[in-house]
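J.: Have a peek at query29.cif (mmCIF, C-alpha atoms and all ligand atoms).
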data_coords
#
loop_
_atom_site.label_atom_id
_atom_site.label_comp_id
_atom_site.auth_asym_id
_atom_site.auth_seq_id
_atom_site.Cartn_x
_atom_site.Cartn_y
_atom_site.Cartn_z
CA VAL A 1 -50.60 0.67 2.95
CA ILE A 2 -50.38 4.23 1.67
CA LYS A 3 -48.74 4.89 -1.67
CA PHE A 4 -47.94 8.32 -3.01
CA LYS A 5 -47.01 8.03 -6.69
CA ASN A 6 -46.90 10.62 -9.45
CA TYR A 7 -48.56 13.14 -7.14
CA ARG A 8 -51.48 10.78 -6.54
CA LEU A 9 -52.54 9.21 -3.24
CA PHE A 10 -53.54 5.54 -3.01
CA TYR A 11 -54.50 3.53 0.05
CA LEU A 12 -55.23 -0.09 0.90
CA ASP A 13 -58.92 -0.48 1.76
CA GLN A 14 -58.67 -2.22 5.14
CA THR A 15 -62.40 -2.95 5.35
CA LEU A 16 -61.91 -5.60 2.64
CA LEU A 17 -59.09 -7.44 4.43
CA PRO A 18 -58.25 -10.27 4.72
CA GLN A 19 -60.33 -11.45 1.75
CA LYS A 20 -59.28 -8.80 -0.77
CA GLU A 21 -56.30 -6.49 -1.17
CA VAL A 22 -57.69 -3.49 -3.02
CA TYR A 23 -56.02 -0.11 -3.41
CA ARG A 24 -58.21 2.96 -3.92
CA GLU A 25 -57.35 6.50 -4.89
CA CYS A 26 -58.05 9.49 -2.67
CA ILE A 27 -58.66 12.57 -4.80
CA THR A 28 -60.84 14.91 -2.79
CA VAL A 29 -61.08 15.85 0.86
CA ARG A 30 -64.44 14.10 0.91
CA ASP A 31 -62.75 10.87 -0.27
CA GLY A 32 -60.28 11.24 2.58
CA PHE A 33 -63.01 11.88 5.13
CA LYS A 34 -64.98 8.83 4.00
CA ALA A 35 -61.90 6.59 3.99
CA ILE A 36 -60.99 7.53 7.56
CA LYS A 37 -64.56 7.54 8.89
CA SER A 38 -65.32 4.10 7.47
CA LEU A 39 -61.98 2.71 8.71
CA GLN A 40 -60.73 1.93 5.23
CA VAL A 41 -57.71 3.79 6.54
CA ARG A 42 -57.25 3.43 10.30
CA GLY A 43 -54.85 3.32 13.22
CA ALA A 44 -53.75 6.50 14.97
CA PRO A 45 -50.41 7.21 13.22
CA LEU A 46 -51.72 6.18 9.78
CA ILE A 47 -54.73 8.50 9.82
CA GLY A 48 -52.37 11.37 10.63
CA ILE A 49 -50.09 10.58 7.68
CA PHE A 50 -52.99 9.95 5.31
CA SER A 51 -54.82 13.16 6.24
CA ALA A 52 -51.67 15.20 5.60
CA TYR A 53 -51.34 13.77 2.07
CA CYS A 54 -55.07 14.21 1.59
CA ILE A 55 -54.77 17.95 2.18
CA TYR A 56 -52.17 18.11 -0.58
CA VAL A 57 -54.18 16.13 -3.16
CA SER A 58 -57.37 18.03 -2.31
CA LEU A 59 -55.63 21.33 -3.15
CA LYS A 60 -53.41 20.11 -5.97
CA LYS A 61 -55.72 21.42 -8.66
CA PHE A 62 -56.69 24.63 -6.87
CA SER A 63 -56.45 27.12 -9.70
CA SER A 64 -57.58 30.52 -8.41
CA LYS A 65 -54.91 33.18 -7.95
CA SER A 66 -56.48 34.38 -4.72
CA LYS A 67 -54.43 33.53 -1.65
CA LEU A 68 -57.37 34.38 0.56
CA LEU A 69 -59.47 31.76 -1.20
CA PHE A 70 -56.58 29.28 -1.03
CA PHE A 71 -56.17 29.69 2.73
CA ASN A 72 -59.93 29.56 3.26
CA ARG A 73 -60.08 26.27 1.40
CA LEU A 74 -57.02 24.92 3.20
CA ASN A 75 -58.41 25.74 6.64
CA LYS A 76 -61.84 24.39 5.75
CA ASN A 77 -60.36 21.09 4.54
CA ILE A 78 -58.19 20.81 7.64
CA GLU A 79 -61.11 21.39 10.01
CA TYR A 80 -63.28 18.97 8.04
CA LEU A 81 -60.72 16.16 8.28
CA LYS A 82 -60.06 16.89 11.96
CA SER A 83 -63.74 16.37 12.71
CA CYS A 84 -63.72 12.93 11.16
CA ARG A 85 -62.56 10.89 14.18
CA PRO A 86 -62.18 12.57 17.55
CA THR A 87 -60.11 10.21 19.73
CA ALA A 88 -56.73 9.69 18.01
CA VAL A 89 -54.80 12.91 18.56
CA ASN A 90 -52.38 12.05 15.73
CA LEU A 91 -55.02 13.21 13.25
CA SER A 92 -55.15 16.81 14.49
CA TRP A 93 -51.42 16.73 15.28
CA ALA A 94 -50.55 15.99 11.62
CA LEU A 95 -53.08 18.47 10.27
CA GLU A 96 -51.72 21.17 12.58
CA ARG A 97 -48.24 20.54 11.15
CA ILE A 98 -49.63 21.13 7.66
CA LYS A 99 -51.42 24.28 8.78
CA THR A 100 -48.28 25.66 10.44
CA VAL A 101 -46.11 25.08 7.36
CA ALA A 102 -48.65 26.85 5.16
CA SER A 103 -49.14 29.82 7.43
CA ARG A 104 -45.38 30.27 8.05
CA ASN A 105 -44.93 30.52 4.29
CA LYS A 106 -47.94 32.62 3.42
CA GLU A 107 -45.76 35.16 1.61
CA LYS A 108 -44.79 32.51 -0.97
CA SER A 109 -46.77 31.72 -4.11
CA ILE A 110 -49.72 29.29 -3.97
CA GLU A 111 -47.74 26.77 -6.04
CA GLU A 112 -44.82 26.98 -3.63
CA ILE A 113 -47.10 26.56 -0.62
CA LYS A 114 -48.66 23.47 -2.22
CA GLN A 115 -45.17 21.97 -2.64
CA LEU A 116 -44.30 22.76 0.98
CA ILE A 117 -47.52 21.05 2.12
CA LEU A 118 -46.51 17.96 0.15
CA LYS A 119 -42.99 18.05 1.60
CA GLU A 120 -44.43 18.21 5.11
CA ALA A 121 -46.77 15.25 4.45
CA GLN A 122 -43.80 13.26 3.15
CA ALA A 123 -41.75 14.24 6.20
CA ILE A 124 -44.53 13.09 8.55
CA HIS A 125 -44.60 9.78 6.66
CA ARG A 126 -40.82 9.33 6.66
CA GLN A 127 -40.52 10.27 10.30
CA ASP A 128 -43.18 7.75 11.29
CA ILE A 129 -41.16 4.93 9.67
CA GLU A 130 -38.15 5.97 11.72
CA ILE A 131 -40.23 6.43 14.90
CA CYS A 132 -41.64 2.90 14.58
CA ARG A 133 -38.16 1.50 14.10
CA LYS A 134 -36.83 3.22 17.22
CA MET A 135 -39.90 2.27 19.25
CA VAL A 136 -39.47 -1.37 18.26
CA ASP A 137 -35.74 -1.18 19.17
CA ASN A 138 -36.79 -0.01 22.64
CA GLY A 139 -39.73 -2.37 23.08
CA ILE A 140 -37.83 -5.47 22.10
CA LYS A 141 -35.74 -5.14 25.29
CA LEU A 142 -38.83 -6.03 27.32
CA ILE A 143 -39.41 -9.34 25.55
CA LYS A 144 -37.68 -12.66 26.12
CA ASP A 145 -37.82 -16.00 24.39
CA ASN A 146 -40.83 -18.20 25.21
CA ASP A 147 -42.98 -15.15 26.03
CA LYS A 148 -46.68 -15.52 25.41
CA ILE A 149 -47.92 -12.09 24.44
CA LEU A 150 -51.48 -10.89 24.11
CA THR A 151 -52.47 -7.93 21.96
CA HIS A 152 -55.67 -6.11 21.10
CA CYS A 153 -56.91 -4.42 17.92
CA ASN A 154 -54.26 -3.72 15.25
CA SER A 155 -51.14 -1.66 15.83
CA GLY A 156 -48.96 -3.06 13.05
CA GLN A 157 -47.97 -2.04 9.52
CA LEU A 158 -51.62 -1.47 8.72
CA ALA A 159 -51.91 1.17 11.45
CA THR A 160 -48.71 3.16 10.85
CA GLY A 161 -46.33 4.31 8.13
CA GLY A 162 -43.70 1.82 9.27
CA GLU A 163 -43.41 -1.59 10.94
CA GLY A 164 -45.97 -0.75 13.62
CA THR A 165 -45.99 0.09 17.32
CA ALA A 166 -47.13 -2.71 19.69
CA LEU A 167 -47.46 -5.24 16.88
CA GLY A 168 -44.16 -4.08 15.40
CA ILE A 169 -42.46 -5.04 18.66
CA ILE A 170 -44.21 -8.41 18.69
CA CYS A 171 -43.20 -9.16 15.07
CA ARG A 172 -39.56 -8.23 15.67
CA ALA A 173 -39.56 -10.42 18.81
CA ALA A 174 -40.90 -13.34 16.80
CA LYS A 175 -38.06 -12.86 14.30
CA ILE A 176 -35.37 -12.79 16.96
CA TYR A 177 -36.64 -15.50 19.31
CA LYS A 178 -37.72 -19.01 18.37
CA ASN A 179 -40.60 -19.49 20.75
CA ILE A 180 -42.81 -16.43 20.89
CA LYS A 181 -46.52 -17.10 21.00
CA VAL A 182 -49.06 -14.37 20.28
CA TYR A 183 -52.68 -14.27 21.35
CA ILE A 184 -54.82 -11.96 19.21
CA ASP A 185 -58.06 -10.57 20.59
CA GLU A 186 -60.62 -10.57 17.80
CA THR A 187 -61.60 -6.96 18.77
CA ARG A 188 -65.32 -6.65 18.35
CA PRO A 189 -67.24 -4.98 16.83
CA LEU A 190 -65.08 -4.30 13.75
CA LEU A 191 -62.71 -7.23 14.20
CA GLN A 192 -59.40 -5.45 13.65
CA GLY A 193 -57.70 -8.29 15.55
CA ALA A 194 -59.30 -11.16 13.64
CA ARG A 195 -59.11 -9.52 10.23
CA LEU A 196 -56.01 -7.34 10.31
CA THR A 197 -53.62 -8.47 13.06
CA ALA A 198 -54.19 -12.11 12.13
CA TRP A 199 -53.52 -11.22 8.47
CA GLU A 200 -50.26 -9.48 9.32
CA LEU A 201 -49.06 -12.28 11.61
CA ILE A 202 -49.91 -15.03 9.14
CA LYS A 203 -48.03 -13.17 6.40
CA LYS A 204 -45.00 -12.94 8.68
CA LYS A 205 -45.33 -16.57 9.78
CA VAL A 206 -45.62 -15.65 13.45
CA ASN A 207 -46.94 -18.31 15.84
CA ALA A 208 -50.32 -16.72 16.59
CA VAL A 209 -53.65 -17.82 18.02
CA LEU A 210 -56.92 -15.96 17.59
CA ILE A 211 -59.28 -15.68 20.56
CA CYS A 212 -62.61 -13.96 21.21
CA ASP A 213 -62.35 -10.87 23.40
CA ASN A 214 -63.99 -12.60 26.35
CA MET A 215 -61.37 -15.38 26.50
CA ALA A 216 -58.44 -13.30 27.76
CA GLY A 217 -59.29 -13.74 31.47
CA TYR A 218 -59.44 -17.51 31.16
CA LEU A 219 -56.03 -17.62 29.47
CA MET A 220 -54.49 -15.36 32.11
CA GLN A 221 -55.91 -17.49 34.90
CA LYS A 222 -54.24 -20.53 33.32
CA GLY A 223 -50.86 -18.73 33.19
CA GLU A 224 -50.99 -18.56 29.40
CA VAL A 225 -50.16 -14.83 29.10
CA ASP A 226 -46.77 -13.37 30.14
CA LYS A 227 -47.38 -9.82 28.96
CA VAL A 228 -49.87 -7.62 27.18
CA ILE A 229 -48.80 -4.99 24.63
CA VAL A 230 -51.24 -2.59 22.99
CA GLY A 231 -51.12 0.65 21.00
CA ALA A 232 -52.68 4.01 21.88
CA ASP A 233 -54.82 6.70 20.32
CA ARG A 234 -54.20 9.42 22.90
CA ILE A 235 -52.15 9.63 26.09
CA THR A 236 -52.69 12.36 28.68
CA ARG A 237 -49.93 14.12 30.61
CA ARG A 238 -50.46 11.86 33.61
CA GLY A 239 -50.28 8.73 31.43
CA ASP A 240 -53.94 7.74 31.04
CA VAL A 241 -54.32 5.95 27.70
CA ALA A 242 -57.21 5.89 25.23
CA ASN A 243 -57.12 2.85 22.97
CA LYS A 244 -59.54 0.50 21.24
CA ILE A 245 -62.57 -0.46 23.33
CA GLY A 246 -61.71 -3.50 25.43
CA THR A 247 -58.20 -2.32 26.30
CA TYR A 248 -59.29 -1.20 29.79
CA SER A 249 -60.80 -4.62 30.56
CA LEU A 250 -57.49 -6.22 29.57
CA ALA A 251 -55.57 -3.82 31.81
CA VAL A 252 -57.80 -4.64 34.79
CA LEU A 253 -57.40 -8.36 34.13
CA SER A 254 -53.62 -7.97 33.80
CA HIS A 255 -53.46 -6.06 37.09
CA TYR A 256 -55.43 -8.79 38.89
CA HIS A 257 -53.20 -11.51 37.46
CA LYS A 258 -49.98 -9.49 37.97
CA ILE A 259 -49.15 -9.54 34.28
CA PRO A 260 -47.12 -6.60 32.87
CA PHE A 261 -49.28 -4.34 30.72
CA TYR A 262 -47.39 -2.21 28.18
CA VAL A 263 -48.53 0.53 25.82
CA ALA A 264 -46.47 1.39 22.72
CA ALA A 265 -47.01 4.78 21.12
CA PRO A 266 -45.12 7.64 19.47
CA PHE A 267 -44.77 11.11 21.02
CA SER A 268 -47.40 12.28 18.51
CA SER A 269 -50.00 10.28 20.48
CA PHE A 270 -49.41 12.32 23.66
CA ASP A 271 -51.79 15.18 24.33
CA LEU A 272 -50.16 17.22 27.06
CA SER A 273 -53.07 19.68 27.07
CA ILE A 274 -55.15 17.03 28.84
CA GLU A 275 -54.45 15.79 32.35
CA LYS A 276 -57.12 13.18 32.98
CA GLY A 277 -58.35 10.36 30.78
CA GLU A 278 -61.97 11.40 31.42
CA ASP A 279 -61.31 14.48 29.28
CA ILE A 280 -60.37 12.51 26.17
CA PRO A 281 -63.19 12.64 23.62
CA ILE A 282 -64.42 9.12 22.96
CA GLU A 283 -65.79 8.38 19.52
CA GLU A 284 -69.23 6.79 19.50
CA ARG A 285 -70.00 4.91 16.31
CA GLU A 286 -73.13 3.65 14.59
CA GLY A 287 -74.98 1.08 16.68
CA GLU A 288 -75.46 -1.03 13.58
CA GLU A 289 -71.81 -2.10 13.91
CA VAL A 290 -72.76 -3.90 17.13
CA LYS A 291 -75.95 -5.45 15.76
CA LYS A 292 -74.33 -6.78 12.61
CA VAL A 293 -71.15 -8.67 11.85
CA LEU A 294 -69.04 -7.00 9.15
CA GLY A 295 -71.97 -4.77 8.25
CA LYS A 296 -73.78 -7.73 6.77
CA VAL A 297 -75.03 -10.49 9.04
CA GLU A 298 -77.71 -9.39 11.51
CA ILE A 299 -77.07 -10.98 14.89
CA ALA A 300 -79.59 -9.26 17.14
CA PRO A 301 -83.32 -8.53 17.20
CA LYS A 302 -84.13 -5.40 15.17
CA GLU A 303 -85.75 -3.78 18.23
CA ILE A 304 -82.72 -3.95 20.52
CA ARG A 305 -80.90 -0.67 21.25
CA PRO A 306 -77.12 -0.89 20.70
CA TYR A 307 -74.31 1.19 22.24
CA ASN A 308 -71.00 1.51 20.44
CA PRO A 309 -68.15 3.47 22.06
CA ALA A 310 -65.06 2.87 19.88
CA PHE A 311 -62.42 3.51 22.56
CA ASP A 312 -61.94 3.34 26.32
CA VAL A 313 -59.45 4.83 28.73
CA THR A 314 -56.96 2.84 30.79
CA PRO A 315 -55.86 4.78 33.87
CA HIS A 316 -52.10 5.20 34.30
CA ASN A 317 -51.97 3.13 37.50
CA LEU A 318 -52.79 -0.01 35.48
CA ILE A 319 -49.90 0.53 33.04
CA SER A 320 -46.42 -0.96 33.58
CA GLY A 321 -44.64 1.15 30.97
CA ILE A 322 -45.18 3.29 27.86
CA ILE A 323 -42.79 2.36 25.06
CA THR A 324 -41.90 5.33 22.83
CA GLU A 325 -39.31 6.18 20.18
CA LYS A 326 -37.21 7.86 22.89
CA GLY A 327 -37.33 4.98 25.38
CA THR A 328 -39.75 3.31 27.78
CA ILE A 329 -41.45 5.61 30.26
CA TYR A 330 -42.14 4.08 33.69
CA PRO A 331 -44.18 5.30 36.67
CA PRO A 332 -44.49 7.86 38.15
CA PHE A 333 -45.83 8.77 34.72
CA GLU A 334 -46.73 12.42 35.19
CA GLU A 335 -43.22 13.25 36.35
CA ASN A 336 -41.46 11.04 33.81
CA ILE A 337 -43.57 12.09 30.82
CA LYS A 338 -42.71 15.69 31.67
CA LYS A 339 -38.99 14.79 31.76
CA TYR A 340 -39.15 12.99 28.40
CA PHE A 341 -40.85 15.95 26.77
CA SER A 342 -38.55 18.55 28.26
CA CYS A 343 -35.53 16.60 26.99
CA ARG A 344 -36.96 17.08 23.53
CA GLY A 345 -37.14 20.79 24.18
CA GLU A 346 -40.95 21.02 24.47
O1 LIG B 1 -60.61 2.24 15.29
P1 LIG B 1 -59.19 1.93 14.90
O2 LIG B 1 -59.05 0.63 14.21
O3 LIG B 1 -58.56 3.06 14.15
O4 LIG B 1 -58.43 1.81 16.29
C1 LIG B 1 -57.06 1.60 16.29
C2 LIG B 1 -56.50 1.38 17.65
O5 LIG B 1 -57.17 1.48 18.64
C3 LIG B 1 -55.02 1.14 17.71
O6 LIG B 1 -54.70 0.33 18.81
C4 LIG B 1 -54.30 2.49 17.88
O7 LIG B 1 -54.73 3.39 16.91
C5 LIG B 1 -52.84 2.35 17.83
S1 LIG B 1 -52.26 2.03 16.20
C6 LIG B 1 -50.58 2.01 16.21
#
Could you spell out this file's structure in structure tokens?

T.:
Amino acid sequence: VIKFKNYRLFYLDQTLLPQKEVYRECITVRDGFKAIKSLQVRGAPLIGIFSAYCIYVSLKKFSSKSKLLFFNRLNKNIEYLKSCRPTAVNLSWALERIKTVASRNKEKSIEEIKQLILKEAQAIHRQDIEICRKMVDNGIKLIKDNDKILTHCNSGQLATGGEGTALGIICRAAKIYKNIKVYIDETRPLLQGARLTAWELIKKKVNAVLICDNMAGYLMQKGEVDKVIVGADRITRRGDVANKIGTYSLAVLSHYHKIPFYVAAPFSSFDLSIEKGEDIPIEEREGEEVKKVLGKVEIAPKEIRPYNPAFDVTPHNLISGIITEKGTIYPPFEENIKKYFSCRGE
């Protein structure tokens, strides 16, 4: 979904899926900002990777000899992209990596620093492919044949550099086992489930059924859901998880029906500087997204006031396990997250 060719950055415009598959070029930092803000490029790991490349292309033609000007521009572009979407921590995590590489090499020439920025963006991309693969290897152990799995939003190839997180696990499971059934929440208001997850699952010939967001409880009551797996945009040090709006409702429903509720996310989605979910910044988007379908069809009276939080927070006590590239973390989360991170030397 992101292509870096001949020093140029291209991305699949996800707002046009599933009807059209159109690649666009990102040349300036403003292009990058617009692409992320409008969800042409979306999903926590992918916006991190994309923003890192975007910093490179936005500075590629920087021609002044002044290092001061170069670093001013670099820092300005980084801060600008960081401000684009506040909830997914992967965005600032990737941009911080770029900033660190540049500042550690500030003695080098501007051209050399540009090349190091590109190398770092490519490393972030490459590592994400590997991280997804390992996460899927770990997550697959939790699935068995005949499982009926429900997922929300899109956490597949369209949301990462690799095979995906939660949806990656589901797709691998469907390859290995004969009888996996997937329920896809449509994910209002922007329909990432109906448009994107359904598109990915149809392409991969996975046995999938699309439902409206308000149908999950009914299915659970009928015994039609064996487990829920979702992605994450930010995870606190005690294991509270921000993900697409509607995730919390699913977690509450799963708890009531005693259905395992799993989150799949890379280490780059953990924000250990935050303890409680209440402290995660939640993006609030244009109300028009609620009043219209796909930005086109008006579905509500003009006078009605909309409210459009893009994410919610699922408290750790509703989560059965957090699947990562290093293994699955189980409760007590605060203690176990700490252990996982200290093993990595952090
Ligand atoms: O607003 P979006 O479409 O970027 O939201 C995406 C999600 O909430 C995903 O579940 C999350 O980023 C995990 S993607 C592997």

J.: What's the 10 Å shell around Leu17 (chain A), counting all atoms listed in the file, without same-chain residues fewer than 4 positions away, as a list of chain:residue names?

T.: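 So, after excluding close chain neighbours, the residues are A:Leu12, A:Asp13, A:Glu21, A:Val22, A:Gln40, A:Gln192, A:Ala194, A:Arg195, A:Leu196, A:Trp199.
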
J.: For Ser103 (chain A), list every protein, DNA or RNA residue within 12 Å, evaluated using only C-alpha atoms, and leave out those in the same chain fewer than 5 positions away; present the list as an NGL selection string.

T.: :A and (67-68 or 70-72 or 74-75 or 96-98 or 108-110 or 113-114 or 116-117)

J.: Could you pull the residues within 12 Å of Glu288 (chain A), counting all atoms listed in the file, minus those fewer than 4 positions along the same chain, as a PyMOL selection string?

T.: chain A and resi 189-190+284+292-308

J.: Could you tell me which of A:Asp145, A:Ser92, A:His257, A:Pro45 comes closest to Tyr218 (chain A) if we count all atoms listed in the file?

T.: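 Of the candidates, the smallest distance to Tyr218 (chain A) is held by A:His257.
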
J.: Between CA of Lys244 (chain A) and CA of Gly43 (chain A), what distance in Å does the model show, to one decimal?

T.: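 We find that CA of Lys244 (chain A) and CA of Gly43 (chain A) lie 9.7 Å from each other.
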
J.: Between A:Val29, A:Leu81, A:Leu158, A:Ile323, which residue has the minimum interatomic distance to ligand LIG 1 (chain B), considering all atoms listed in the file?

T.: A:Leu158

J.: Of the residues A:Ile129, A:Ile259, A:Ala173, A:Ile36, which is the one nearest to ligand LIG 1 (chain B), using all atoms listed in the file?

T.: A:Ile36

J.: Sorted by chain and rising residue number, which residues of chain A lie within 8 Å of ligand LIG 1 (chain B), and what are their closest atom pairs and distances in Å to one decimal, counting only C-alpha atoms and all ligand atoms, as CSV?

T.:
residue,atom,partner,partner_atom,distance
A:Leu39,CA,B:LIG1,O3,6.4
A:Val41,CA,B:LIG1,O3,7.7
A:Arg42,CA,B:LIG1,O3,4.1
A:Gly43,CA,B:LIG1,O7,3.7
A:Ala44,CA,B:LIG1,O7,3.8
A:Pro45,CA,B:LIG1,C6,6.0
A:Leu46,CA,B:LIG1,S1,7.7
A:Ile47,CA,B:LIG1,O3,7.9
A:Ala88,CA,B:LIG1,O7,6.7
A:His152,CA,B:LIG1,O6,6.9
A:Cys153,CA,B:LIG1,O6,5.3
A:Asn154,CA,B:LIG1,O6,5.4
A:Ser155,CA,B:LIG1,C6,3.7
A:Gly156,CA,B:LIG1,C6,6.2
A:Ala159,CA,B:LIG1,S1,4.8
A:Thr160,CA,B:LIG1,C6,5.8
A:Gly164,CA,B:LIG1,C6,6.0
A:Thr165,CA,B:LIG1,C6,5.1
A:Ala166,CA,B:LIG1,C6,6.8
A:Leu167,CA,B:LIG1,C6,7.9
A:Leu190,CA,B:LIG1,O2,7.8
A:Gln192,CA,B:LIG1,O2,6.1
A:Val230,CA,B:LIG1,O6,6.2
A:Gly231,CA,B:LIG1,C5,4.0
A:Ala232,CA,B:LIG1,C5,4.4
A:Asp233,CA,B:LIG1,O7,4.8
A:Ala242,CA,B:LIG1,O5,7.9
A:Asn243,CA,B:LIG1,O5,4.5
A:Lys244,CA,B:LIG1,O5,3.7
A:Ile245,CA,B:LIG1,O5,7.4
A:Ala264,CA,B:LIG1,C6,7.7
A:Ala265,CA,B:LIG1,C6,6.7
A:Ala310,CA,B:LIG1,O1,6.4
A:Phe311,CA,B:LIG1,O5,6.9

J.: Those residues with C-alpha atoms, as a compact mmCIF listing (two decimals), in the coordinates of the input please?

T.:
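Listing of part11.txt after writing:
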# COMPACT_ATOMS: atom_id res chain seq x y z
CA LEU A 39 -61.98 2.71 8.71
CA VAL A 41 -57.71 3.79 6.54
CA ARG A 42 -57.25 3.43 10.30
CA GLY A 43 -54.85 3.32 13.22
CA ALA A 44 -53.75 6.50 14.97
CA PRO A 45 -50.41 7.21 13.22
CA LEU A 46 -51.72 6.18 9.78
CA ILE A 47 -54.73 8.50 9.82
CA ALA A 88 -56.73 9.69 18.01
CA HIS A 152 -55.67 -6.11 21.10
CA CYS A 153 -56.91 -4.42 17.92
CA ASN A 154 -54.26 -3.72 15.25
CA SER A 155 -51.14 -1.66 15.83
CA GLY A 156 -48.96 -3.06 13.05
CA ALA A 159 -51.91 1.17 11.45
CA THR A 160 -48.71 3.16 10.85
CA GLY A 164 -45.97 -0.75 13.62
CA THR A 165 -45.99 0.09 17.32
CA ALA A 166 -47.13 -2.71 19.69
CA LEU A 167 -47.46 -5.24 16.88
CA LEU A 190 -65.08 -4.30 13.75
CA GLN A 192 -59.40 -5.45 13.65
CA VAL A 230 -51.24 -2.59 22.99
CA GLY A 231 -51.12 0.65 21.00
CA ALA A 232 -52.68 4.01 21.88
CA ASP A 233 -54.82 6.70 20.32
CA ALA A 242 -57.21 5.89 25.23
CA ASN A 243 -57.12 2.85 22.97
CA LYS A 244 -59.54 0.50 21.24
CA ILE A 245 -62.57 -0.46 23.33
CA ALA A 264 -46.47 1.39 22.72
CA ALA A 265 -47.01 4.78 21.12
CA ALA A 310 -65.06 2.87 19.88
CA PHE A 311 -62.42 3.51 22.56

J.: So how far away is CA of Ser58 (chain A) from CA of Arg8 (chain A), in Å?

T.: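 The value is 10.3 Å.
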
J.: Excluding same-chain residues fewer than 4 positions from Ala52 (chain A), what lies within 9 Å of it counting all atoms listed in the file, as a PyMOL selection string?

T.: chain A and resi 47-48+56+78+91+94-95+97-98+117-118+120-122+124-125
